[in-house]
Each structure stands twice: as structure tokens, then as C-alpha cells.
$ cat final.cif   # mmCIF, C-alpha atoms
data_protein
#
loop_
_atom_site.label_atom_id
_atom_site.label_comp_id
_atom_site.auth_asym_id
_atom_site.auth_seq_id
_atom_site.Cartn_x
_atom_site.Cartn_y
_atom_site.Cartn_z
CA MET R 28 106.55 69.13 90.21
CA THR R 29 103.08 70.51 89.64
CA THR R 30 102.20 74.03 90.83
CA PRO R 31 100.50 73.32 94.17
CA PHE R 32 98.03 76.20 94.01
CA ARG R 33 96.87 78.88 91.65
CA PHE R 34 94.18 81.53 91.42
CA SER R 35 92.22 81.80 88.20
CA ARG R 36 90.18 84.67 86.83
CA VAL R 37 88.70 82.46 84.11
CA THR R 38 87.15 78.98 83.99
CA ILE R 39 89.47 76.47 85.62
CA ASP R 40 91.00 74.11 83.05
CA VAL R 41 90.42 70.82 84.88
CA ALA R 42 91.78 68.60 82.10
CA ALA R 43 95.16 70.33 82.23
CA LEU R 44 95.37 70.19 86.02
CA ARG R 45 94.38 66.52 86.07
CA ALA R 46 96.92 65.66 83.38
CA ALA R 47 99.69 67.18 85.50
CA LEU R 48 98.95 64.66 88.26
CA ALA R 49 99.43 61.60 86.03
CA ASP R 50 102.17 59.29 87.26
CA PRO R 51 102.88 55.64 86.31
CA ALA R 52 103.51 54.91 90.01
CA CYS R 53 100.01 56.04 90.97
CA GLY R 54 97.00 53.77 90.97
CA GLY R 55 94.55 56.21 92.55
CA TYR R 56 93.31 59.69 91.73
CA ALA R 57 90.71 61.68 93.68
CA ALA R 58 89.37 65.11 92.92
CA PHE R 59 86.93 67.51 94.53
CA GLU R 60 84.98 70.20 92.71
CA GLY R 61 83.23 73.00 94.57
CA TRP R 62 80.36 74.53 92.56
CA VAL R 63 78.37 77.70 92.97
CA ARG R 64 75.04 76.74 94.55
CA ASP R 65 71.78 78.63 93.98
CA HIS R 66 70.88 78.92 97.66
CA ASN R 67 72.50 79.49 101.04
CA GLU R 68 70.94 79.70 104.49
CA GLY R 69 67.44 80.10 103.14
CA GLN R 70 68.28 82.73 100.53
CA ARG R 71 68.22 82.28 96.77
CA VAL R 72 71.64 83.12 95.38
CA GLU R 73 71.97 84.71 91.96
CA ARG R 74 75.75 85.02 91.69
CA LEU R 75 78.95 85.16 93.74
CA GLU R 76 82.06 87.28 93.99
CA TYR R 77 85.34 85.89 95.31
CA GLU R 78 88.09 88.17 96.52
CA ALA R 79 91.47 87.05 97.85
CA TYR R 80 94.57 88.41 99.49
CA GLU R 81 96.57 86.52 96.94
CA PRO R 82 100.20 86.64 98.14
CA LEU R 83 99.31 85.21 101.55
CA ALA R 84 96.66 82.82 100.19
CA VAL R 85 99.18 81.29 97.80
CA ARG R 86 101.74 80.80 100.56
CA GLU R 87 99.21 79.25 102.92
CA ALA R 88 97.84 76.96 100.19
CA GLU R 89 101.34 75.75 99.39
CA ARG R 90 101.76 74.89 103.06
CA ILE R 91 98.44 73.00 103.07
CA VAL R 92 99.41 70.95 100.02
CA ALA R 93 102.83 70.19 101.54
CA GLU R 94 101.12 69.10 104.76
CA ALA R 95 98.81 66.75 102.82
CA VAL R 96 101.71 65.21 100.95
CA ALA R 97 103.69 64.71 104.16
CA ARG R 98 100.77 63.45 106.22
CA PHE R 99 99.18 61.04 103.75
CA GLY R 100 102.15 60.15 101.56
CA VAL R 101 100.43 61.00 98.31
CA ALA R 102 102.49 61.49 95.15
CA HIS R 103 101.02 64.72 93.77
CA ALA R 104 98.42 67.24 94.77
CA CYS R 105 97.25 70.53 93.38
CA CYS R 106 94.46 73.00 93.74
CA ALA R 107 92.91 75.95 91.91
CA HIS R 108 90.51 78.63 93.15
CA ARG R 109 88.52 81.18 91.20
CA VAL R 110 88.43 84.91 91.98
CA GLY R 111 86.02 87.46 90.53
CA GLU R 112 82.38 87.02 89.55
CA LEU R 113 80.87 83.55 89.23
CA ARG R 114 77.47 82.35 88.05
CA ILE R 115 75.40 79.49 89.45
CA GLY R 116 76.88 76.11 88.55
CA GLU R 117 80.38 77.39 87.84
CA LEU R 118 83.41 75.63 89.26
CA ALA R 119 84.73 77.71 92.18
CA VAL R 120 87.44 75.45 93.54
CA TRP R 121 89.17 72.29 92.35
CA VAL R 122 91.45 69.89 94.25
CA GLY R 123 93.17 66.89 92.70
CA VAL R 124 95.42 64.26 94.27
CA SER R 125 97.22 61.23 92.85
CA ALA R 126 98.68 58.45 95.00
CA PRO R 127 99.76 54.83 94.80
CA HIS R 128 96.44 53.80 96.43
CA ARG R 129 92.94 55.28 96.61
CA ASP R 130 92.65 55.67 100.38
CA GLU R 131 95.49 58.21 100.70
CA ALA R 132 94.18 60.07 97.67
CA PHE R 133 90.67 60.42 99.16
CA ARG R 134 91.94 61.46 102.57
CA ALA R 135 94.47 63.98 101.24
CA CYS R 136 91.85 65.49 98.95
CA ARG R 137 89.45 65.88 101.87
CA TYR R 138 92.17 67.41 104.03
CA ILE R 139 93.15 69.95 101.40
CA ILE R 140 89.64 71.23 100.68
CA ASP R 141 88.79 71.48 104.38
CA GLU R 142 91.95 73.42 105.16
CA ILE R 143 91.50 75.70 102.17
CA LYS R 144 88.06 76.69 103.33
CA HIS R 145 89.32 77.55 106.80
CA ARG R 146 92.76 78.99 106.31
CA LEU R 147 93.05 80.88 103.04
CA PRO R 148 92.31 84.62 103.04
CA ILE R 149 89.54 84.33 100.48
CA TRP R 150 86.16 86.01 100.83
CA LYS R 151 82.84 85.29 99.18
CA LYS R 152 80.13 87.82 98.57
CA GLU R 153 76.73 86.39 97.75
CA HIS R 154 74.32 88.37 95.62
CA TYR R 155 70.78 87.22 96.25
CA VAL R 156 67.81 87.05 93.91
CA ASN R 157 65.97 89.59 96.10
CA GLY R 158 68.68 92.19 95.44
CA ASP R 159 70.48 91.90 98.80
CA SER R 160 74.09 90.88 99.13
CA GLY R 161 76.42 89.91 101.92
CA TRP R 162 79.93 88.74 102.77
CA VAL R 163 79.63 85.15 103.95
CA ASN R 164 80.62 84.66 107.62
CA CYS R 165 81.06 88.43 108.12
CA GLU R 166 77.64 89.95 108.35
CA ARG R 167 76.67 88.50 111.74
CA CYS R 168 80.05 88.70 113.40
CA ALA R 169 79.52 92.17 114.79
CA ALA R 170 76.29 91.22 116.49
CA ALA R 171 77.41 87.87 117.86
CA PRO R 172 81.17 87.69 117.62
CA ARG R 173 81.58 84.39 119.43
CA ASP R 174 78.37 82.57 118.61
CA HIS R 175 79.48 80.65 115.58
CA ASP R 176 82.44 79.38 113.67
CA HIS R 177 84.07 82.14 111.64
CA GLY R 178 86.30 79.96 109.63
CA HIS R 179 89.29 80.50 111.86
CA GLY R 180 88.99 77.17 113.59
CA LYS R 181 91.80 74.79 114.23
CA PRO R 182 93.38 73.18 111.21
CA GLY R 183 91.38 70.15 110.28
CA ALA R 184 88.11 71.46 111.71
CA ARG R 185 85.09 70.54 109.64
CA PRO R 186 83.40 73.33 107.66
CA MET J 27 95.95 121.12 90.03
CA SER J 28 96.85 122.44 93.47
CA ALA J 29 99.34 125.27 93.99
CA PRO J 30 102.92 124.37 94.94
CA LEU J 31 103.54 124.42 98.65
CA TYR J 32 106.00 126.88 100.20
CA GLY J 33 106.81 127.09 103.89
CA LEU J 34 106.77 130.09 106.20
CA VAL J 35 107.96 130.12 109.80
CA LEU J 36 106.55 132.97 111.81
CA ALA J 37 109.28 134.28 114.05
CA GLY J 38 108.60 137.97 113.90
CA GLY J 39 106.71 138.34 117.17
CA ARG J 40 107.98 140.55 119.94
CA SER J 41 107.68 137.84 122.61
CA SER J 42 106.54 140.39 125.13
CA ARG J 43 105.41 137.72 127.58
CA MET J 44 108.48 135.54 127.11
CA GLY J 45 110.80 138.45 127.69
CA GLU J 46 113.24 137.06 125.16
CA ASP J 47 113.27 136.03 121.52
CA LYS J 48 111.20 132.83 121.26
CA ALA J 49 112.86 131.89 117.98
CA ALA J 50 116.22 131.69 119.75
CA LEU J 51 115.11 129.38 122.57
CA ARG J 52 116.89 126.07 122.41
CA ALA J 53 115.49 122.58 122.58
CA GLY J 54 117.67 119.55 122.02
CA GLY J 55 120.60 121.58 120.70
CA ARG J 56 118.59 123.51 118.11
CA THR J 57 116.82 126.83 118.31
CA GLN J 58 113.06 126.76 117.91
CA LEU J 59 113.46 128.54 114.57
CA GLU J 60 115.89 125.91 113.29
CA GLN J 61 113.62 123.16 114.56
CA ALA J 62 110.59 124.63 112.78
CA MET J 63 112.53 125.04 109.51
CA ALA J 64 113.69 121.42 109.75
CA LEU J 65 110.14 120.17 110.28
CA LEU J 66 108.90 122.12 107.26
CA ALA J 67 111.66 121.15 104.87
CA PRO J 68 110.36 117.71 103.76
CA HIS J 69 107.00 119.15 102.70
CA VAL J 70 107.77 122.38 100.86
CA ALA J 71 109.58 123.50 97.72
CA ARG J 72 111.05 126.55 99.47
CA ALA J 73 111.03 127.66 103.09
CA PHE J 74 111.17 131.21 104.43
CA VAL J 75 111.31 132.88 107.76
CA SER J 76 108.91 135.76 108.31
CA VAL J 77 110.62 138.87 109.70
CA ARG J 78 109.99 142.44 110.58
CA LYS J 79 112.17 145.04 108.95
CA ASP J 80 114.37 145.45 112.04
CA GLN J 81 115.01 141.69 112.24
CA ARG J 82 116.50 141.26 108.77
CA SER J 83 120.11 141.21 109.88
CA ASP J 84 119.52 139.29 113.11
CA PRO J 85 122.16 136.51 112.98
CA LEU J 86 119.66 133.73 113.74
CA ARG J 87 117.31 134.81 110.95
CA ALA J 88 119.96 135.86 108.45
CA GLY J 89 120.75 132.24 107.65
CA PHE J 90 117.37 131.66 106.02
CA GLU J 91 115.45 133.09 103.10
CA GLN J 92 113.30 135.87 104.50
CA ILE J 93 109.98 137.49 103.78
CA GLU J 94 109.62 140.90 105.35
CA ASP J 95 106.32 142.14 106.72
CA THR J 96 104.74 144.82 104.53
CA ARG J 97 102.27 145.99 107.16
CA ALA J 98 103.48 147.04 110.58
CA ASP J 99 101.85 146.20 113.90
CA LEU J 100 99.38 143.61 112.63
CA GLY J 101 100.94 140.57 114.26
CA PRO J 102 101.23 137.18 112.55
CA ILE J 103 98.60 137.92 109.91
CA ALA J 104 101.03 140.45 108.40
CA GLY J 105 103.56 137.68 107.78
CA ILE J 106 101.01 135.45 106.08
CA ILE J 107 99.80 138.30 103.86
CA ALA J 108 103.36 139.29 102.94
CA ALA J 109 104.11 135.73 101.85
CA LEU J 110 100.92 135.42 99.79
CA GLU J 111 101.66 138.77 98.13
CA ARG J 112 105.25 137.92 97.32
CA PHE J 113 104.42 134.50 95.79
CA PRO J 114 100.75 134.74 94.87
CA ASP J 115 100.72 131.40 93.02
CA SER J 116 101.97 129.36 95.96
CA ALA J 117 100.16 127.90 98.90
CA TRP J 118 101.83 128.38 102.27
CA LEU J 119 102.46 125.89 105.01
CA VAL J 120 102.59 128.38 107.86
CA LEU J 121 104.18 127.43 111.16
CA ALA J 122 104.69 129.37 114.36
CA CYS J 123 108.17 128.90 115.79
CA ASP J 124 106.87 128.47 119.33
CA LEU J 125 105.32 125.01 119.10
CA PRO J 126 107.81 122.97 121.10
CA LEU J 127 105.71 119.78 120.96
CA LEU J 128 104.99 119.83 117.22
CA ASP J 129 105.93 116.48 115.67
CA ALA J 130 106.58 115.29 112.12
CA ALA J 131 103.45 113.13 112.06
CA THR J 132 101.22 116.14 112.71
CA LEU J 133 102.71 118.07 109.80
CA GLU J 134 102.54 115.04 107.50
CA PHE J 135 98.89 114.64 108.39
CA LEU J 136 98.17 118.29 107.67
CA VAL J 137 99.82 118.13 104.26
CA ARG J 138 98.06 114.90 103.38
CA GLU J 139 94.67 116.27 104.38
CA ARG J 140 95.20 119.58 102.56
CA ALA J 141 92.10 120.64 100.61
CA ALA J 142 93.50 122.95 97.93
CA GLU J 143 90.07 124.05 96.75
CA ARG J 144 89.31 125.68 100.11
CA LEU J 145 90.90 128.88 101.47
CA ALA J 146 92.92 126.98 104.04
CA THR J 147 93.38 123.66 105.82
CA ALA J 148 93.80 123.92 109.57
CA PHE J 149 93.65 121.88 112.75
CA ARG J 150 90.72 122.22 115.06
CA SER J 151 92.25 123.05 118.45
CA SER J 152 92.00 120.20 120.92
CA HIS J 153 91.47 122.84 123.63
CA ASP J 154 88.75 125.09 122.28
CA THR J 155 87.83 123.55 118.85
CA LEU J 156 88.75 126.81 117.09
CA PRO J 157 90.98 126.71 113.98
CA GLU J 158 94.74 126.88 114.58
CA PRO J 159 96.02 129.49 112.09
CA LEU J 160 99.72 129.06 112.81
CA CYS J 161 100.08 125.42 111.82
CA ALA J 162 97.98 125.51 108.69
CA VAL J 163 98.05 125.54 104.90
CA TRP J 164 96.95 128.85 103.39
CA GLU J 165 95.93 128.64 99.74
CA PRO J 166 96.50 131.43 97.15
CA ALA J 167 92.77 132.16 97.20
CA SER J 168 93.01 133.33 100.81
CA ARG J 169 95.09 136.38 99.81
CA ALA J 170 92.19 138.57 98.66
CA ALA J 171 90.00 137.55 101.58
CA LEU J 172 92.78 138.33 104.07
CA ALA J 173 93.42 141.72 102.47
CA ALA J 174 89.75 142.57 102.75
CA TYR J 175 89.73 141.34 106.36
CA VAL J 176 92.60 143.58 107.48
CA ALA J 177 91.14 146.46 105.48
CA ARG J 178 88.17 146.27 107.87
CA GLY J 179 90.58 146.88 110.74
CA LYS J 180 90.78 143.25 111.88
CA SER J 181 93.94 141.26 112.45
CA CYS J 182 93.15 138.00 114.25
CA PRO J 183 93.96 135.08 111.94
CA ARG J 184 92.03 132.65 114.14
CA LYS J 185 88.84 134.68 113.84
CA PHE J 186 89.45 135.02 110.13
CA LEU J 187 89.60 131.23 109.74
CA SER J 188 86.55 130.73 111.95
CA GLY J 189 84.46 132.63 109.43
CA ALA J 190 86.09 131.41 106.23
CA ASP J 191 85.79 128.43 103.91
CA VAL J 192 88.33 126.29 105.73
CA HIS J 193 88.93 122.55 105.82
CA LEU J 194 89.17 121.69 109.53
CA ILE J 195 90.87 118.50 110.68
CA ASP J 196 91.52 116.89 114.04
CA GLU J 197 95.01 116.73 115.51
CA PRO J 198 96.44 113.19 115.49
CA ASN J 199 98.40 114.13 118.62
CA PRO J 200 96.26 116.44 120.77
CA ARG J 201 99.21 118.15 122.47
CA ALA J 202 101.22 118.79 119.31
CA LEU J 203 100.07 122.39 118.97
CA ASP J 204 100.40 123.45 122.59
CA ASN J 205 102.39 126.65 122.46
CA ALA J 206 104.59 128.39 124.91
CA ASN J 207 104.19 132.11 125.50
CA THR J 208 105.86 132.41 128.87
CA PRO J 209 109.07 130.95 130.25
CA GLU J 210 106.89 128.83 132.58
CA GLU J 211 104.88 127.37 129.68
CA TYR J 212 108.04 126.68 127.79
CA ALA J 213 109.59 124.90 130.75
CA ALA J 214 106.39 122.86 131.21
CA ALA J 215 106.41 121.88 127.54
CA MET J 216 110.04 120.86 127.68
CA ASN J 217 109.24 118.80 130.73
CA THR J 218 106.41 117.03 128.93
CA ARG J 219 108.72 116.35 126.04
CA SER J 220 111.38 114.77 128.17
CA GLU J 221 108.89 112.71 130.18
CA ALA J 222 106.88 111.50 127.22
CA PRO J 223 108.96 112.09 124.12
CA ALA J 224 106.74 113.07 121.20
CA ALA J 225 104.92 109.82 120.51
CA ALA J 226 106.98 107.74 118.12
CA THR J 227 105.28 107.34 114.76
CA ARG J 228 105.67 104.94 111.91
CA GLN J 229 104.48 104.92 108.35
CA VAL J 230 102.58 101.78 107.42
CA THR J 231 100.57 100.59 104.46
CA VAL J 232 97.18 99.04 105.10
CA GLN J 233 95.35 96.91 102.56
CA TYR J 234 91.65 96.25 102.94
CA PHE J 235 89.67 93.32 101.61
CA ALA J 236 86.03 92.30 101.34
CA LEU J 237 83.79 93.82 104.04
CA LEU J 238 86.61 95.96 105.49
CA ARG J 239 87.42 97.31 102.00
CA GLU J 240 83.82 98.36 101.56
CA GLN J 241 83.62 99.93 105.02
CA ALA J 242 86.95 101.78 104.64
CA GLY J 243 85.89 102.89 101.15
CA ARG J 244 89.35 102.07 99.80
CA GLY J 245 91.57 99.14 98.94
CA THR J 246 94.78 100.47 100.36
CA GLU J 247 96.26 103.46 102.13
CA SER J 248 99.53 104.62 103.52
CA LEU J 249 99.36 106.29 106.88
CA VAL J 250 101.45 107.69 109.69
CA THR J 251 100.36 106.30 113.01
CA THR J 252 101.31 106.31 116.65
CA ALA J 253 99.81 102.81 117.01
CA ARG J 254 102.42 100.43 118.38
CA THR J 255 100.69 97.18 117.46
CA PRO J 256 98.14 95.93 114.92
CA ARG J 257 95.60 95.92 117.76
CA GLU J 258 96.08 99.65 118.34
CA LEU J 259 96.06 100.31 114.61
CA TYR J 260 92.74 98.47 114.14
CA ALA J 261 91.25 100.47 117.04
CA GLU J 262 92.50 103.71 115.46
CA LEU J 263 91.01 102.78 112.07
CA ALA J 264 87.74 101.68 113.68
CA HIS J 265 87.37 105.28 114.88
CA ARG J 266 87.81 106.58 111.37
CA TYR J 267 85.72 104.01 109.48
CA PRO J 268 82.40 102.32 110.29
CA PHE J 269 83.95 98.92 110.94
CA THR J 270 81.44 96.40 112.27
CA LEU J 271 83.79 93.45 112.77
CA ASP J 272 84.85 92.72 116.32
CA PRO J 273 88.65 92.31 116.26
CA ALA J 274 88.07 88.95 117.99
CA VAL J 275 86.96 87.55 114.60
CA VAL J 276 89.60 89.33 112.53
CA ARG J 277 93.12 88.09 111.92
CA VAL J 278 96.11 90.19 110.99
CA ALA J 279 98.87 89.75 108.43
CA ILE J 280 102.14 91.66 108.59
CA ASN J 281 104.27 91.82 105.46
CA SER J 282 102.33 89.02 103.72
CA GLU J 283 102.48 86.57 106.61
CA PHE J 284 100.02 85.83 109.40
CA GLY J 285 101.03 87.91 112.40
CA ASP J 286 100.24 88.62 115.99
CA TRP J 287 97.85 91.35 117.15
CA SER J 288 100.38 92.47 119.74
CA ALA J 289 103.50 92.33 117.52
CA PRO J 290 105.39 95.64 117.42
CA LEU J 291 104.73 97.66 114.27
CA ALA J 292 107.79 98.87 112.39
CA ASP J 293 108.21 101.68 109.92
CA GLY J 294 107.35 100.47 106.41
CA ASP J 295 105.24 97.50 107.52
CA SER J 296 102.43 96.36 105.29
CA ILE J 297 99.35 95.37 107.26
CA VAL J 298 96.26 93.43 106.22
CA PHE J 299 93.30 92.85 108.50
CA ILE J 300 91.67 89.57 107.55
CA PRO J 301 87.91 89.34 108.01
CA PRO J 302 86.35 85.88 108.57
CA VAL J 303 87.24 83.87 105.48
CA ALA J 304 84.91 81.94 103.18
CA GLY J 305 86.89 80.23 100.44
CA GLY J 306 85.86 77.04 98.69
#
$ encode --input "final.cif" --output "C-alpha cells"
Amino acid sequence: MTTPFRFSRVTIDVAALRAALADPACGGYAAFEGWVRDHNEGQRVERLEYEAYEPLAVREAERIVAEAVARFGVAHACCAHRVGELRIGELAVWVGVSAPHRDEAFRACRYIIDEIKHRLPIWKKEHYVNGDSGWVNCERCAAAPRDHDHGHGKPGARP
Amino acid sequence: MSAPLYGLVLAGGRSSRMGEDKAALRAGGRTQLEQAMALLAPHVARAFVSVRKDQRSDPLRAGFEQIEDTRADLGPIAGIIAALERFPDSAWLVLACDLPLLDAATLEFLVRERAAERLATAFRSSHDTLPEPLCAVWEPASRAALAAYVARGKSCPRKFLSGADVHLIDEPNPRALDNANTPEEYAAAMNTRSEAPAAATRQVTVQYFALLREQAGRGTESLVTTARTPRELYAELAHRYPFTLDPAVVRVAINSEFGDWSAPLADGDSIVFIPPVAGG
């Protein structure tokens, strides 16, 4: 049994995570990598900070992975998320799934990353090239609390 | 390094308006003096009752360690000065014995907010915004200033605090310091207490993350609250900190699991308010 979810303060070791999904009964493997992008909503991003309420995030992530396994019948799935400071281009989140066939692997992988973005208590602070910074999804909530999606949508909602 | 905290219950007054000894009045099976000593006990290394010379052998007061007034006819300030003179290296949590509505949460708040580098820490009265001298922490440094004050012929501790370097705080329960000087006031207070028993309090730990951590200026805190639900607790904290997040976009976790805004809070609960998330 692979560890379904872990936080990492250092570069995620993808090779090790992928190796743990290997299974002679599996003919398909899908993975998703989320990278730090240099822009967001018209602002040039210099670096990011991730912060998490780890005990609850780990529990919720374990539930998400169990849901994916039950729903899509995949053999193995696991996920890792960075916390702390990240530079442009760094790997922020990784999801890997192995299954007998490719279709379940793709769909489970998609399900896991979507749910992780919406359900885990993880926060992202963007530091912009112009010196400003802001917590993503938080800065406009006070002004317009119901005008946009705050990441608390129904499970399965698209980001 | 702040001075150790000792406790002093002022029960030396003549109760001229009450017509009987206020310290001996009973509430819930205990005298007011016993009740005040019990409230003090968790916060102080030693607790004393302040007495006049002629009260030393009074049976009610004889059961406690006593500090006798050294200056006659000055009122409560004499008791405070006597305590500071007898143990000049201690700070004093001073309590009048005629505060029938005083609750544990109010005293805990006072002790937590104590500013040892000032002369005293006191509540700002919810009635007239003046300092309340008889539910306050008096630091060792106040001794010389008090002596000089009475040497000028003055004896009002409230006026002393109004002009001194005092840390003033707001009462968490605005009726906690209502006192009772007449039998009618005492009866009214007892009535209030039986109708609305001193608001139940609970001690909870709150952890802050992301934007809320920055706005609270801290990652965690332990607090005593009268809030009954996470919703009331968030509202209370939003008064204290410049929170900008509408609770409609915040979720709550209780003891490391997602919880309900209207769930009852229990003593010892650990609460996290979850701002809009942005993982991935």
C-alpha cells in the first residue's frame, strides 16, 4: 500500500513516487504535475508560498484518494503537495495513478487533482514582480463574498 | 521577569450602607469572602484577606491568612498599601469581596492581559469607563506612587489609577464587576444571577492560517470565551482583529475535522477557521 498523500518541504521525488505505483497487473499509468506559473490574473508572479493545515489536509486527501479508487476501480493512487516557498517552474503538486487500463487512470487522476484543489485546507500566497502579494481566492472575498467561486464548491466542481 | 502574583481580598469595609458585614453574605452556600478567595486561588501563589485590626479574630476572617491595615480610616487603599508593604516584591491581584457577579473568565482574562511593566492592570468600567481598582493587578512599582498619593491626603484608588500608568482592558462580561452596596443591590444581583447564570465559558484553542494568521498577528492562541458556537467565536474574534473575510466564505474545523458553524463548542476544543483554499 502506497502512502496516499504527503506534504513535502523539499523538491518532490517523482521517481520514487512513480516507482511505488508499479504493479504487474497494471497496464496504464497517468500522472499530473502542477507547476508554479509566472503569471496569474494579469500579474507577473515572482514566487509562491504554500501553507497548509496539515492534519486535516492529510485526512481529507486520504478520503479523496479512497474515493478515486472506489469510483474508478484503479489499482493505486498517490499524491504529494509542496509547502513553503516555491520558485517559478517548480513542481507544486503531483498526482499519480496506476490501473489495469488507461481510461480509469486518466479519470481518477483528473478527479484527484480537481478535488485536491477544492477541498484541502491549503493556501497559496503569490508574490508579484511589482512587490505586491496576495492570498489567492481571499483578497476579494470581503468585497464580493458571493460573486465568485471560493474553492468551496461541490466535490467534483471544475477549478 | 514579572513579579509573582499574590491575591488580596478586600473585606475590611464597614458596610455602612449594607447594614451588615458584606463578607458574610451568602450566595450559593458560600459567603462572599469564601467565594472571592476561591476565585483567586487558581491564579495566585498565596491569598490573603485584608482586615482592620479589630477584625483579626472575626471567625469568618480567621480561617485565612490576613494582612492588617497599617493606616486607619483610609478605606480600601489602606489594604492595598499594607499588602504591597508587607510583600514588596509581589504583585497583587486585588479583589473586593462584594462582586457577586464576578466570574472565573473575567479573572482569567485579567491575569492573561496583565502588563507587569505598568503600575497596574485594571478593567475599564462598562458603566463609566473609569478604572476598576478593586478587581485589578497592582504591581510592586505602584507602592511608592500610592504612598506619595496618600501622603498628599488622597485616598481614592479609582482616581489614583485614572492618573497613573495603568494598562486598561475591557471587561469580557460587562456585568461581572457590578457591585452591591445595599441590600437592594445585592438582592438585584442575586436575581440576575439566578435568571441568567454567569455566562458559561469554555477554554478553546484557535489556530490561524494564511490571511487570518496575518490579520490576527498570531498562529495560535488559547482563549476563554462565552461564545457557544464557532459562529459566535468568529464574530468575537472579528471584533478583536481586522478580519476582512465574510464568514460566508470561511469554513470551520473542530478538533481536526470539518465542522458546523452552529455546533456547540466544548471546553478544550481546538478550532481552525479555514479561509478560501487554493491548493494545487
$ closest_residue --input "final.cif" --among "J:Arg169, J:His193, J:Arg52, J:Lys185" --to "Ala146 (chain J)" --atoms "all atoms listed in the file"
J:His193
$ atom_distance --input "final.cif" --atom1 "CA of Ala52 (chain R)" --atom2 "CA of Ala95 (chain R)"
18.1 Å
$ atom_distance --input "final.cif" --atom1 "CA of Ile93 (chain J)" --atom2 "CA of Leu34 (chain J)"
8.4 Å
$ resolve_selection --input "final.cif" --expression "the PyMOL selection byres ((chain J) within 7 of (chain R))" --output "VMD selection string"
chain J and resid 236 to 237 270 to 272 275 282 to 283 300 to 306
$ residues_around --input "final.cif" --residues "His128 (chain R)" --least-positions-apart "3" --cutoff "8 Å" --atoms "only C-alpha atoms" --output "VMD selection string"
chain R and resid 53 to 55 131 to 132
$ axis_aligned_box --input "final.cif" --around "region 249-258 of chain J" --padding-each-side "3 Å" --output "JSON"
{"center_x": 99.0, "center_y": 101.8, "center_z": 112.6, "size_x": 12.8, "size_y": 17.8, "size_z": 17.5}
$ resolve_selection --input "final.cif" --expression "the PyMOL selection byres ((chain R and resi 89) around 10)" --output "PDB file with C-alpha atoms, keeping the file's coordinate frame"
ATOM      1  CA  THR R  30     102.200  74.030  90.830  1.00  0.00           C
ATOM      2  CA  PRO R  31     100.500  73.320  94.170  1.00  0.00           C
ATOM      3  CA  PHE R  32      98.030  76.200  94.010  1.00  0.00           C
ATOM      4  CA  ARG R  33      96.870  78.880  91.650  1.00  0.00           C
ATOM      5  CA  LEU R  83      99.310  85.210 101.550  1.00  0.00           C
ATOM      6  CA  ALA R  84      96.660  82.820 100.190  1.00  0.00           C
ATOM      7  CA  VAL R  85      99.180  81.290  97.800  1.00  0.00           C
ATOM      8  CA  ARG R  86     101.740  80.800 100.560  1.00  0.00           C
ATOM      9  CA  GLU R  87      99.210  79.250 102.920  1.00  0.00           C
ATOM     10  CA  ALA R  88      97.840  76.960 100.190  1.00  0.00           C
ATOM     11  CA  ARG R  90     101.760  74.890 103.060  1.00  0.00           C
ATOM     12  CA  ILE R  91      98.440  73.000 103.070  1.00  0.00           C
ATOM     13  CA  VAL R  92      99.410  70.950 100.020  1.00  0.00           C
ATOM     14  CA  ALA R  93     102.830  70.190 101.540  1.00  0.00           C
ATOM     15  CA  GLU R  94     101.120  69.100 104.760  1.00  0.00           C
ATOM     16  CA  ALA R  95      98.810  66.750 102.820  1.00  0.00           C
ATOM     17  CA  CYS R 105      97.250  70.530  93.380  1.00  0.00           C
ATOM     18  CA  CYS R 106      94.460  73.000  93.740  1.00  0.00           C
TER      19      CYS R 106
END
$ resolve_selection --input "final.cif" --expression "the PyMOL selection byres ((chain R and resi 101) around 10)" --output "list in words"
Cys53, Gly55, Tyr56, Ala95, Val96, Ala97, Arg98, Phe99, Gly100, Ala102, His103, Ala104, Val124, Ser125, Ala126, Pro127, His128, Arg129, Asp130, Glu131, Ala132, Phe133, Arg134, Ala135 and Cys136 of chain R
$ closest_residue --input "final.cif" --among "J:Phe149, J:Phe135, J:Tyr32, J:Tyr234" --to "Ala117 (chain J)" --atoms "only C-alpha atoms"
J:Tyr32
$ residues_near_point --input "final.cif" --point "(107.9, 127.2, 113.4)" --cutoff "6 Å" --atoms "only C-alpha atoms" --output "compact mmCIF listing (two decimals) with C-alpha atoms, in the frame of the given file"
# COMPACT_ATOMS: atom_id res chain seq x y z
CA VAL J 35 107.96 130.12 109.80
CA LEU J 59 113.46 128.54 114.57
CA ALA J 62 110.59 124.63 112.78
CA LEU J 121 104.18 127.43 111.16
CA ALA J 122 104.69 129.37 114.36
CA CYS J 123 108.17 128.90 115.79
$ residues_around --input "final.cif" --residues "region 88-90 of chain J" --least-positions-apart "6" --cutoff "7 Å" --atoms "all atoms listed in the file" --output "list in words"
Phe74, Val75 and Arg82 of chain J
$ closest_residue --input "final.cif" --among "J:Pro102, J:Pro268, J:Pro256, J:Gly179" --to "Val298 (chain J)" --atoms "only C-alpha atoms"
J:Pro256
$ atom_distance --input "final.cif" --atom1 "CA of Val37 (chain R)" --atom2 "CA of Leu75 (chain R)"
14.0 Å
$ closest_residue --input "final.cif" --among "R:Val41, R:Gln70, R:Ala57, R:Ala46" --to "Thr29 (chain R)" --atoms "all atoms listed in the file"
R:Ala46
$ residues_around --input "final.cif" --residues "region 157-161 of chain J" --least-positions-apart "6" --cutoff "10 Å" --atoms "only C-alpha atoms" --output "number ranges by chain"
J: 34-36, 102-103, 106, 119-125, 128, 132-133, 136, 146-151, 182-189, 192-196, 203
